[in-house]
>>> print(open('start22.txt').read())   # compact mmCIF, C-alpha atoms
# COMPACT_ATOMS: atom_id res chain seq x y z
CA MET A 675 74.42 52.47 -15.17
CA ALA A 676 72.83 53.31 -11.93
CA ALA A 677 70.07 55.79 -10.97
CA CYS A 678 70.23 58.12 -8.01
CA VAL A 679 68.41 57.63 -4.78
CA ILE A 680 67.57 60.84 -2.98
CA ARG A 681 68.06 60.39 0.73
CA ARG A 682 65.21 61.58 2.94
CA GLY A 683 63.34 62.74 -0.12
CA LEU A 684 63.34 60.00 -2.70
CA LEU A 685 63.68 56.36 -1.77
CA SER A 686 63.65 53.43 -4.14
CA THR A 687 62.69 49.89 -3.28
CA ALA A 688 65.25 47.11 -3.28
CA SER A 689 63.99 45.88 -6.66
CA LYS A 690 64.66 49.30 -8.24
CA TYR A 691 67.77 50.49 -6.52
CA ASN A 692 70.15 48.07 -8.23
CA GLN A 693 69.59 49.94 -11.52
CA HIS A 694 71.77 52.85 -10.33
CA LYS A 695 74.75 53.57 -8.13
CA CYS A 696 74.80 57.24 -7.27
CA ILE A 697 73.29 58.24 -3.89
CA HIS A 698 72.39 61.85 -3.22
CA ARG A 699 71.01 63.83 -0.35
CA ILE A 700 68.73 66.85 -0.38
CA LEU A 701 70.57 69.85 1.01
CA SER A 702 67.61 71.71 2.49
CA ALA A 703 64.91 70.84 4.99
CA ILE A 704 62.33 68.39 3.69
CA ASP A 705 58.69 69.31 3.22
CA PHE A 706 56.83 66.01 3.38
CA SER A 707 53.57 67.41 2.03
CA SER A 708 53.96 66.65 -1.67
CA GLY A 709 53.84 63.22 -3.25
CA PHE A 710 55.32 61.57 -6.30
CA ASP A 711 53.61 62.52 -9.59
CA PRO A 712 54.91 60.48 -12.57
CA LYS A 713 53.27 62.92 -14.99
CA ARG A 714 55.65 65.68 -13.86
CA ALA A 715 58.96 63.81 -13.99
CA GLN A 716 61.85 66.27 -13.84
CA PRO A 717 65.63 65.83 -13.87
CA LEU A 718 66.95 65.83 -10.33
CA CYS A 719 70.64 64.97 -10.77
CA SER A 720 72.97 66.53 -13.30
CA SER A 721 75.54 63.72 -13.03
CA CYS A 722 73.30 60.79 -13.93
CA GLY A 723 70.13 62.39 -15.27
CA LEU A 724 67.80 60.84 -12.70
CA THR A 725 64.17 61.86 -13.01
CA SER A 726 61.51 61.55 -10.34
CA PHE A 727 59.66 59.12 -12.63
CA GLN A 728 62.34 56.49 -12.01
CA GLN A 729 61.55 56.20 -8.31
CA THR A 730 58.73 54.74 -6.28
CA ARG A 731 58.17 57.58 -3.83
CA PHE A 732 59.01 61.28 -4.06
CA LEU A 733 58.97 63.62 -1.08
CA SER A 734 60.10 67.06 -2.16
CA SER A 735 61.68 70.09 -0.53
CA ARG A 736 59.63 73.21 -0.97
CA ASN A 737 62.33 75.51 0.42
CA ARG A 738 65.46 74.10 -1.15
CA PRO A 739 68.07 76.68 -2.22
CA GLU A 740 67.86 77.76 -5.86
CA GLY A 741 70.31 75.86 -8.07
CA LYS A 742 71.40 73.46 -5.29
CA ILE A 743 69.21 70.39 -5.08
CA LEU A 744 71.41 67.35 -4.60
CA GLU A 745 74.82 66.49 -3.25
CA PRO A 746 76.58 63.09 -3.57
CA VAL A 747 76.62 60.90 -0.48
CA GLY A 748 78.10 57.62 -1.67
CA VAL A 749 77.67 54.59 -3.90
CA PHE A 750 75.12 51.84 -3.37
CA GLU A 751 76.28 48.30 -2.67
CA ALA A 752 74.41 45.08 -3.39
CA LEU A 753 71.74 44.08 -0.90
CA LYS A 754 72.60 41.05 1.20
CA GLN A 755 69.97 38.41 0.61
CA HIS A 756 71.88 35.97 2.82
CA GLY A 757 74.13 36.59 5.79
CA LYS A 758 74.38 39.81 7.76
CA TYR A 759 75.91 43.26 7.44
CA GLU A 760 79.13 43.84 9.33
CA THR A 761 80.10 46.44 11.92
CA GLY A 762 80.89 49.67 10.09
CA GLN A 763 78.42 49.20 7.24
CA LEU A 764 77.02 52.53 6.01
CA PHE A 765 73.36 52.51 5.00
CA LEU A 766 70.24 54.50 4.23
CA HIS A 767 67.08 53.54 6.11
CA SER A 768 64.62 52.34 3.47
CA VAL A 769 61.59 53.72 5.35
CA PHE A 770 62.78 56.83 7.21
CA GLY A 771 65.60 57.78 4.85
CA TYR A 772 68.29 58.69 7.38
CA ARG A 773 71.98 57.89 7.03
CA GLY A 774 73.37 55.47 9.57
CA ILE A 775 76.11 53.00 10.38
CA VAL A 776 75.86 49.48 11.81
CA LEU A 777 77.39 48.90 15.25
CA PHE A 778 76.51 45.22 15.75
CA PRO A 779 73.71 42.74 14.99
CA TRP A 780 70.98 41.24 17.16
CA HIS A 781 69.25 37.93 16.42
CA ALA A 782 65.60 38.11 17.42
CA ARG A 783 62.58 35.80 17.27
CA LEU A 784 59.96 37.34 14.98
CA TYR A 785 56.37 36.36 15.82
CA ASP A 786 54.45 37.34 12.69
CA ARG A 787 50.67 36.92 12.95
CA ASP A 788 50.34 37.62 9.24
CA VAL A 789 52.14 34.37 8.37
CA SER A 790 49.92 31.33 7.92
CA PRO A 791 50.42 28.44 10.39
CA ALA A 792 51.55 26.16 7.56
CA ALA A 793 54.25 28.61 6.44
CA ALA A 794 55.57 28.97 9.97
CA ALA A 795 55.37 25.31 10.97
CA ALA A 796 59.12 24.81 10.78
CA ALA A 797 59.85 27.55 13.32
CA PRO A 798 61.06 26.27 16.71
CA ASP A 799 59.42 28.76 19.07
CA SER A 800 55.79 29.79 19.47
CA VAL A 801 53.58 32.05 21.52
CA GLY A 802 49.94 31.34 22.12
CA HIS A 803 48.52 34.58 23.46
CA GLY A 804 44.84 34.89 22.59
CA SER A 805 43.32 32.37 20.22
CA LYS A 806 46.12 32.17 17.67
CA GLU A 807 49.37 30.32 18.20
CA VAL A 808 52.24 32.06 16.44
CA LYS A 809 55.53 30.48 15.48
CA GLY A 810 58.72 32.43 16.02
CA LYS A 811 61.29 32.75 13.24
CA MET A 812 64.82 34.06 13.69
CA HIS A 813 65.41 37.47 12.16
CA THR A 814 68.37 39.88 12.15
CA TYR A 815 68.21 43.42 13.49
CA TYR A 816 71.04 45.91 13.90
CA GLN A 817 72.09 48.40 16.55
CA VAL A 818 72.93 51.55 14.59
CA LEU A 819 73.97 55.17 14.95
CA ILE A 820 71.85 57.82 13.19
CA ASP A 821 73.57 60.75 11.51
CA THR A 822 72.64 63.77 13.66
CA ARG A 823 72.29 65.93 10.53
CA ASP A 824 69.25 63.84 9.60
CA CYS A 825 67.52 63.86 12.98
CA PRO A 826 65.55 67.10 12.39
CA HIS A 827 64.12 65.66 9.18
CA ILE A 828 62.82 62.44 10.75
CA SER A 829 61.73 63.67 14.19
CA GLN A 830 58.05 63.83 13.15
CA ARG A 831 58.16 60.25 11.87
CA SER A 832 60.52 58.47 14.23
CA GLN A 833 61.90 59.29 17.68
CA THR A 834 65.64 59.86 17.66
CA GLU A 835 65.92 59.33 21.43
CA ALA A 836 64.02 56.06 21.59
CA VAL A 837 66.67 53.98 23.40
CA THR A 838 66.34 54.75 27.11
CA PHE A 839 67.76 53.47 30.38
CA LEU A 840 66.83 53.70 34.03
CA ALA A 841 68.87 56.21 35.99
CA ASN A 842 71.58 54.59 38.10
CA HIS A 843 70.04 55.62 41.44
CA ASP A 844 67.68 53.05 42.90
CA ASP A 845 65.41 55.70 44.41
CA SER A 846 64.98 57.47 41.07
CA ARG A 847 62.36 56.80 38.40
CA ALA A 848 64.16 59.04 35.93
CA LEU A 849 65.14 57.80 32.48
CA TYR A 850 68.00 58.88 30.31
CA ALA A 851 68.35 58.41 26.57
CA ILE A 852 71.12 57.82 24.07
CA PRO A 853 70.39 60.25 21.23
CA GLY A 854 70.67 58.90 17.72
CA LEU A 855 70.68 55.18 18.59
CA ASP A 856 68.23 52.91 16.79
CA TYR A 857 67.32 49.30 15.96
CA VAL A 858 66.96 48.50 12.24
CA SER A 859 65.62 45.37 10.59
CA HIS A 860 67.78 43.66 7.96
CA GLU A 861 65.33 44.46 5.15
CA ASP A 862 65.38 48.18 6.02
CA ILE A 863 69.11 48.44 5.26
CA LEU A 864 70.12 50.00 1.92
CA PRO A 865 73.93 49.61 2.05
CA TYR A 866 76.33 52.09 0.50
CA ASN A 867 79.97 53.08 0.73
CA SER A 868 81.71 56.43 0.97
CA THR A 869 85.24 57.75 0.63
CA GLU A 870 84.81 60.01 3.68
CA GLN A 871 86.72 59.02 6.80
CA VAL A 872 83.93 60.42 8.99
CA PRO A 873 80.78 59.93 6.88
CA ILE A 874 78.40 59.90 9.87
CA GLN A 875 78.11 62.76 12.32
CA HIS A 876 77.45 61.45 15.83
CA GLU A 877 79.24 62.08 19.11
CA LEU A 878 79.96 58.36 19.53
CA PHE A 879 81.13 57.67 15.98
CA GLU A 880 84.87 58.19 16.57
CA ARG A 881 84.70 56.71 20.07
CA PHE A 882 83.23 53.47 18.74
CA LEU A 883 84.68 53.12 15.22
CA LEU A 884 88.12 53.33 13.65
CA PHE A 885 88.78 54.08 9.98
CA ASP A 886 90.77 51.28 8.31
CA PRO A 887 90.99 51.61 4.50
CA SER A 888 92.33 48.05 4.16
CA ARG A 889 89.01 46.58 5.27
CA ASN A 890 85.54 46.39 3.74
CA PRO A 891 83.62 48.10 5.18
CA PRO A 892 86.50 50.43 6.15
CA PHE A 893 85.29 51.02 9.73
CA THR A 894 86.14 48.60 12.53
CA ALA A 895 85.00 48.39 16.13
CA ARG A 896 87.22 50.00 18.75
CA ASP A 897 87.71 48.33 22.11
CA THR A 898 85.39 50.98 23.58
CA LEU A 899 82.49 49.72 21.43
CA ARG A 900 83.08 46.10 22.42
CA ALA A 901 83.33 47.06 26.11
CA TRP A 902 80.18 49.20 25.88
CA GLN A 903 78.25 46.41 24.17
CA GLU A 904 79.30 43.86 26.77
CA LYS A 905 78.55 46.14 29.71
CA ASN A 906 75.12 47.27 28.49
CA HIS A 907 74.07 44.06 26.77
CA PRO A 908 71.21 43.32 29.21
CA TRP A 909 69.54 46.69 28.58
CA LEU A 910 70.15 46.84 24.84
CA GLU A 911 69.34 43.24 23.90
CA LEU A 912 66.59 42.76 21.34
CA SER A 913 65.15 39.24 21.63
CA ASP A 914 61.48 39.21 20.51
CA VAL A 915 59.57 41.07 17.78
CA HIS A 916 55.78 40.90 17.33
CA ARG A 917 53.90 41.87 14.16
CA GLU A 918 50.27 41.94 13.01
CA THR A 919 48.33 43.64 10.19
CA THR A 920 44.72 44.88 10.33
CA GLU A 921 43.11 46.54 7.29
CA ASN A 922 46.50 47.29 5.70
CA ILE A 923 47.93 48.84 8.88
CA ARG A 924 50.87 46.80 10.15
CA VAL A 925 51.87 47.12 13.81
CA THR A 926 55.31 45.93 14.92
CA VAL A 927 56.19 45.80 18.64
CA ILE A 928 59.62 45.25 20.19
CA PRO A 929 59.73 45.04 24.02
CA PHE A 930 62.90 45.58 26.08
CA TYR A 931 63.52 44.80 29.72
CA MET A 932 65.10 47.80 31.49
CA GLY A 933 65.68 46.55 35.02
CA MET A 934 64.20 46.60 38.52
CA ARG A 935 63.88 49.17 41.29
CA VAL A 936 64.32 47.39 44.63
CA ARG A 937 62.87 50.27 46.65
CA THR A 938 59.55 50.22 44.75
CA ASP A 939 59.71 46.49 43.86
CA SER A 940 58.90 47.44 40.27
CA CYS A 941 60.22 46.09 36.99
CA TYR A 942 60.47 48.42 33.99
CA TRP A 943 60.21 47.83 30.25
CA ARG A 944 60.33 50.03 27.19
CA TYR A 945 58.55 49.05 24.00
CA CYS A 946 59.10 50.34 20.48
CA ILE A 947 56.12 50.42 18.11
CA ARG A 948 56.13 50.99 14.36
CA LEU A 949 52.93 51.68 12.42
CA GLU A 950 52.98 51.19 8.65
CA ASN A 951 50.25 51.92 6.14
CA GLN A 952 50.54 49.27 3.43
CA GLY A 953 47.48 50.48 1.52
CA ASN A 954 46.54 53.53 -0.54
CA GLU A 955 44.04 55.08 1.87
CA VAL A 956 45.04 58.04 4.05
CA VAL A 957 44.32 57.35 7.73
CA GLN A 958 45.04 59.08 11.03
CA LEU A 959 45.65 57.52 14.43
CA ARG A 960 43.17 58.95 16.94
CA GLU A 961 43.16 56.79 20.08
CA ARG A 962 45.02 54.01 21.84
CA HIS A 963 43.51 51.31 24.04
CA TRP A 964 45.85 49.14 26.11
CA ARG A 965 45.26 46.14 28.35
CA ILE A 966 48.15 45.43 30.72
CA PHE A 967 48.18 42.18 32.69
CA SER A 968 50.62 41.68 35.57
CA LEU A 969 51.70 38.35 37.02
CA SER A 970 50.59 39.76 40.38
CA GLY A 971 47.01 39.33 39.11
CA THR A 972 46.11 42.89 38.14
CA LEU A 973 44.61 43.89 34.80
CA GLU A 974 44.89 47.57 33.88
CA THR A 975 43.10 49.40 31.07
CA VAL A 976 44.64 52.52 29.54
CA ARG A 977 42.86 54.74 27.02
CA GLY A 978 44.01 58.02 25.54
CA ARG A 979 44.29 60.30 22.54
CA GLY A 980 47.03 59.48 20.05
CA VAL A 981 50.47 58.26 21.09
CA VAL A 982 53.33 60.25 22.71
CA GLY A 983 51.30 63.42 22.24
CA LYS A 984 50.81 62.93 18.50
CA GLU A 985 48.06 61.76 16.16
CA PRO A 986 50.12 60.78 13.11
CA VAL A 987 48.71 60.64 9.59
CA LEU A 988 49.76 57.61 7.53
CA SER A 989 49.63 58.01 3.76
CA ARG A 990 51.45 56.76 0.66
CA GLU A 991 53.86 59.68 1.00
CA GLN A 992 54.39 59.17 4.74
CA PRO A 993 53.49 55.53 5.36
CA ALA A 994 55.23 54.93 8.69
CA PHE A 995 55.46 56.26 12.23
CA GLN A 996 57.66 54.88 15.02
CA TYR A 997 57.76 55.68 18.73
CA SER A 998 58.79 54.27 22.10
CA SER A 999 57.09 54.27 25.49
CA HIS A 1000 57.48 52.63 28.90
CA VAL A 1001 55.59 50.51 31.39
CA SER A 1002 56.31 49.29 34.93
CA LEU A 1003 54.83 46.38 36.84
CA GLN A 1004 55.11 45.28 40.45
CA ALA A 1005 55.78 41.78 39.19
CA PRO A 1006 58.58 40.09 37.24
CA SER A 1007 56.44 39.53 34.15
CA GLY A 1008 53.19 40.31 32.40
CA HIS A 1009 51.51 40.82 29.04
CA MET A 1010 50.26 43.75 26.97
CA TRP A 1011 47.84 43.93 24.05
CA GLY A 1012 45.29 46.35 22.68
CA THR A 1013 44.10 48.37 19.70
CA PHE A 1014 44.72 51.65 17.91
CA CYS A 1015 41.69 53.53 16.61
CA PHE A 1016 42.22 55.08 13.17
CA GLU A 1017 40.07 57.56 11.27
CA ARG A 1018 39.57 57.56 7.49
CA THR A 1019 39.19 60.70 5.39
CA ASP A 1020 35.40 60.13 5.24
CA GLY A 1021 35.19 60.31 9.04
CA SER A 1022 34.67 56.59 9.66
CA HIS A 1023 36.77 54.75 12.24
CA PHE A 1024 38.30 51.29 12.53
CA ASP A 1025 40.39 49.44 15.11
CA VAL A 1026 43.85 48.04 14.44
CA ARG A 1027 45.06 45.21 16.65
CA ILE A 1028 48.28 45.54 18.64
CA PRO A 1029 49.81 42.04 18.74
CA PRO A 1030 50.00 40.59 22.27
CA PHE A 1031 53.51 40.54 23.67
CA SER A 1032 55.18 39.35 26.84
CA LEU A 1033 56.95 41.48 29.41
CA GLU A 1034 59.67 39.28 30.86
CA SER A 1035 62.34 40.21 33.39
CA ASN A 1036 65.20 38.36 31.78
CA LYS A 1037 68.14 36.55 33.33
CA TYR A 1038 70.19 39.72 33.81
CA ASP A 1039 69.22 40.52 37.37
CA LYS A 1040 71.62 43.30 38.19
CA ALA A 1041 71.79 47.06 38.47
CA PRO A 1042 71.22 49.30 35.45
CA PRO A 1043 74.26 50.73 33.66
CA THR A 1044 76.07 53.59 35.31
CA GLY A 1045 76.79 55.65 32.21
CA TYR A 1046 75.69 55.40 28.64
CA PRO A 1047 78.79 55.59 26.48
CA LEU A 1048 81.68 54.17 28.40
>>> encode(input="start22.txt", output="structure tokens")
Amino acid sequence: MAACVIRRGLLSTASKYNQHKCIHRILSAIDFSSGFDPKRAQPLCSSCGLTSFQQTRFLSSRNRPEGKILEPVGVFEALKQHGKYETGQLFLHSVFGYRGIVLFPWHARLYDRDVSPAAAAAAPDSVGHGSKEVKGKMHTYYQVLIDTRDCPHISQRSQTEAVTFLANHDDSRALYAIPGLDYVSHEDILPYNSTEQVPIQHELFERFLLFDPSRNPPFTARDTLRAWQEKNHPWLELSDVHRETTENIRVTVIPFYMGMRVRTDSCYWRYCIRLENQGNEVVQLRERHWRIFSLSGTLETVRGRGVVGKEPVLSREQPAFQYSSHVSLQAPSGHMWGTFCFERTDGSHFDVRIPPFSLESNKYDKAPPTGYPL
């Protein structure tokens, strides 16, 4: 027997999901304002009798059509405790709830400041920014496509155009994005399978993947995907991840080198940040405070309200927020660190540390890509 997991609305943890097989998706737009109440457990799926009480988090739809709540998506597969997921693996994102498909893996060094020095002693790499040396441990991430049908439901929680490139003209500072492309950690993958030949809606899905029912998973990489990966490897590569928790708010930072502009003698990076509330208290991000050090000897301070024009609330019902931003230096390397100021419901404030991370212009010293898909 297996219980249902409601995509975008009801997500189970890995320890619970193995009890059931059926995956469903909410047909209407999601209203993220209501939380899970075990005292009001109600049947949600006619095929397996799932009730909201069986899940760890419930985010309901206030405007769902009468009589049409759920629709089957696929069947869960076992989580991979060892090894990696293959190209073509369908999944639900365990935090943001969207449907996606794996394109290829990345192997990154995770510098986790929450891990004790003794626990990380066996790790080969370390960074010593500030007063605390941190050991790096290898960790698997995946380049994935997001189903475009789910983008409107996650846009307030996670940017769906977070992977950006420099324009291909050296005198331009413009950026362009690949919509619906994301990086996902191994533990955020909830794998499933589907009988649909095109289970993910994305303009690059059929350009990159070929349906092959004789394989598992039944989607294989086309030559166009392999060529695209090889060509854009320098600007897509994920190599280092930095993580630190302050007062139950975990901050994860992933920096990416984007290339250099010869005319302005500037190097560009993008950085992806995920904020996660691991406690029970509702908090809201109010301010950011950055310190940016350049190898040229300059130290810049940046303060401002919120991030990317938002002041997200983190609660048990909506515990995470993810965004990307950019920085340029007139030097080949530098460092960034800082704090986020959060406000509690009683009006008090506290600072959350942003783990220090390096900005390195890597070995790929060549022009940015000339076109995103092919």
>>> closest_residue(input="start22.txt", among="A:Val837, A:Val749, A:Leu849, A:Val1026", to="Leu910 in chain A", atoms="all atoms listed in the file")
A:Val837
>>> atom_distance(input="start22.txt", atom1="CA of His876 in chain A", atom2="CA of Leu855 in chain A")
9.6 Å
>>> atom_distance(input="start22.txt", atom1="CA of Ser1032 in chain A", atom2="CA of Ser1007 in chain A")
7.4 Å
>>> atom_distance(input="start22.txt", atom1="CA of His813 in chain A", atom2="CA of Ile928 in chain A")
12.6 Å
>>> closest_residue(input="start22.txt", among="A:Asp788, A:Asp1020, A:Glu760, A:Glu1034", to="His860 in chain A", atoms="all atoms listed in the file")
A:Glu760
>>> residues_around(input="start22.txt", residues="Thr920 in chain A", least_positions_apart="4", cutoff="9 Å", atoms="all atoms listed in the file", output="mmCIF file with C-alpha atoms, keeping the file's coordinate frame")
data_model
loop_
_atom_site.group_PDB
_atom_site.id
_atom_site.type_symbol
_atom_site.label_atom_id
_atom_site.label_comp_id
_atom_site.auth_asym_id
_atom_site.auth_seq_id
_atom_site.Cartn_x
_atom_site.Cartn_y
_atom_site.Cartn_z
ATOM 1 C CA ARG A 924 50.870 46.800 10.150
ATOM 2 C CA VAL A 925 51.870 47.120 13.810
ATOM 3 C CA ASP A 1025 40.390 49.440 15.110
ATOM 4 C CA VAL A 1026 43.850 48.040 14.440
ATOM 5 C CA ARG A 1027 45.060 45.210 16.650
#
>>> residues_around(input="start22.txt", residues="Pro892 in chain A", least_positions_apart="2", cutoff="10 Å", atoms="all atoms listed in the file", output="PyMOL selection string")
chain A and resi 761-764+867-869+871+883-890+894
>>> closest_atom_pairs(input="start22.txt", of="range 749-794 of chain A", to="range 820-824 of chain A", cutoff="6 Å", atoms="all atoms listed in the file", output="CSV")
residue,atom,partner,partner_atom,distance
A:Tyr772,CA,A:Asp824,CA,5.7
A:Arg773,CA,A:Asp821,CA,5.5
A:Gly774,CA,A:Ile820,CA,4.6
>>> closest_residue(input="start22.txt", among="A:Ile828, A:Val776, A:Met1010, A:Met812", to="Tyr857 in chain A", atoms="only C-alpha atoms")
A:Val776
>>> residues_around(input="start22.txt", residues="Gly971 in chain A", least_positions_apart="2", cutoff="12 Å", atoms="all atoms listed in the file", output="list in words")
Ile966, Phe967, Ser968, Leu969, Leu973, Glu974, Leu1003, Gln1004, Ala1005, Pro1006, Ser1007, Gly1008 and His1009 of chain A
>>> closest_residue(input="start22.txt", among="A:Phe839, A:Phe893, A:Phe778, A:Phe770", to="Pro826 in chain A", atoms="all atoms listed in the file")
A:Phe770
>>> closest_residue(input="start22.txt", among="A:Ile775, A:Asn951, A:Arg787, A:Trp943", to="Lys811 in chain A", atoms="all atoms listed in the file")
A:Arg787
>>> residues_around(input="start22.txt", residues="Val982 in chain A", least_positions_apart="5", cutoff="12 Å", atoms="only C-alpha atoms", output="PyMOL selection string")
chain A and resi 830-833+836+946-947+959-962+995-1000
>>> closest_residue(input="start22.txt", among="A:Cys825, A:Met932, A:Val769, A:Leu753", to="Ser1035 in chain A", atoms="only C-alpha atoms")
A:Met932
>>> residues_near_point(input="start22.txt", point="(49.2, 45.4, 12.3)", cutoff="12 Å", atoms="only C-alpha atoms", output="compact mmCIF listing (two decimals) with C-alpha atoms, in the frame of the given file")
# COMPACT_ATOMS: atom_id res chain seq x y z
CA ASP A 786 54.45 37.34 12.69
CA ARG A 787 50.67 36.92 12.95
CA ASP A 788 50.34 37.62 9.24
CA HIS A 916 55.78 40.90 17.33
CA ARG A 917 53.90 41.87 14.16
CA GLU A 918 50.27 41.94 13.01
CA THR A 919 48.33 43.64 10.19
CA THR A 920 44.72 44.88 10.33
CA GLU A 921 43.11 46.54 7.29
CA ASN A 922 46.50 47.29 5.70
CA ILE A 923 47.93 48.84 8.88
CA ARG A 924 50.87 46.80 10.15
CA VAL A 925 51.87 47.12 13.81
CA THR A 926 55.31 45.93 14.92
CA VAL A 927 56.19 45.80 18.64
CA ILE A 947 56.12 50.42 18.11
CA ARG A 948 56.13 50.99 14.36
CA LEU A 949 52.93 51.68 12.42
CA GLU A 950 52.98 51.19 8.65
CA ASN A 951 50.25 51.92 6.14
CA GLN A 952 50.54 49.27 3.43
CA ALA A 994 55.23 54.93 8.69
CA TRP A 1011 47.84 43.93 24.05
CA GLY A 1012 45.29 46.35 22.68
CA THR A 1013 44.10 48.37 19.70
CA PHE A 1014 44.72 51.65 17.91
CA CYS A 1015 41.69 53.53 16.61
CA PHE A 1016 42.22 55.08 13.17
CA ASP A 1025 40.39 49.44 15.11
CA VAL A 1026 43.85 48.04 14.44
CA ARG A 1027 45.06 45.21 16.65
CA ILE A 1028 48.28 45.54 18.64
CA PRO A 1029 49.81 42.04 18.74
CA PRO A 1030 50.00 40.59 22.27
>>> decode(input="start22.txt", residues="range 887-928 of chain A", atoms="C-alpha atoms", output="mmCIF file, in the first residue's frame")
data_model
loop_
_atom_site.group_PDB
_atom_site.id
_atom_site.type_symbol
_atom_site.label_atom_id
_atom_site.label_comp_id
_atom_site.auth_asym_id
_atom_site.auth_seq_id
_atom_site.Cartn_x
_atom_site.Cartn_y
_atom_site.Cartn_z
ATOM 1 C CA PRO A 887 10.665 2.536 -23.278
ATOM 2 C CA SER A 888 13.380 -0.143 -23.138
ATOM 3 C CA ARG A 889 15.389 1.881 -20.623
ATOM 4 C CA ASN A 890 14.884 2.863 -16.992
ATOM 5 C CA PRO A 891 14.349 5.750 -16.705
ATOM 6 C CA PRO A 892 12.779 5.745 -20.205
ATOM 7 C CA PHE A 893 14.320 9.079 -21.281
ATOM 8 C CA THR A 894 17.829 9.271 -22.709
ATOM 9 C CA ALA A 895 20.036 12.208 -23.613
ATOM 10 C CA ARG A 896 20.018 13.340 -27.233
ATOM 11 C CA ASP A 897 23.235 14.466 -28.894
ATOM 12 C CA THR A 898 21.948 18.048 -28.581
ATOM 13 C CA LEU A 899 21.970 17.783 -24.763
ATOM 14 C CA ARG A 900 25.501 16.395 -24.687
ATOM 15 C CA ALA A 901 26.712 19.101 -27.098
ATOM 16 C CA TRP A 902 24.959 21.828 -25.084
ATOM 17 C CA GLN A 903 26.450 20.566 -21.826
ATOM 18 C CA GLU A 904 29.954 20.449 -23.275
ATOM 19 C CA LYS A 905 29.697 23.875 -24.882
ATOM 20 C CA ASN A 906 28.264 25.654 -21.834
ATOM 21 C CA HIS A 907 30.056 23.662 -19.145
ATOM 22 C CA PRO A 908 32.158 26.621 -17.917
ATOM 23 C CA TRP A 909 29.085 28.771 -17.243
ATOM 24 C CA LEU A 910 26.874 26.038 -15.818
ATOM 25 C CA GLU A 911 29.402 24.236 -13.622
ATOM 26 C CA LEU A 912 28.547 23.982 -9.942
ATOM 27 C CA SER A 913 31.711 23.386 -7.911
ATOM 28 C CA ASP A 914 31.305 24.836 -4.374
ATOM 29 C CA VAL A 915 28.354 25.058 -1.967
ATOM 30 C CA HIS A 916 28.446 26.948 1.347
ATOM 31 C CA ARG A 917 25.999 26.456 4.220
ATOM 32 C CA GLU A 918 25.492 27.902 7.709
ATOM 33 C CA THR A 919 22.624 28.020 10.228
ATOM 34 C CA THR A 920 21.854 30.838 12.686
ATOM 35 C CA GLU A 921 18.885 30.595 15.075
ATOM 36 C CA ASN A 922 17.208 27.878 12.970
ATOM 37 C CA ILE A 923 17.587 29.825 9.704
ATOM 38 C CA ARG A 924 19.833 27.949 7.295
ATOM 39 C CA VAL A 925 21.527 29.883 4.487
ATOM 40 C CA THR A 926 22.948 28.001 1.503
ATOM 41 C CA VAL A 927 25.051 29.846 -1.107
ATOM 42 C CA ILE A 928 26.191 28.555 -4.503
#
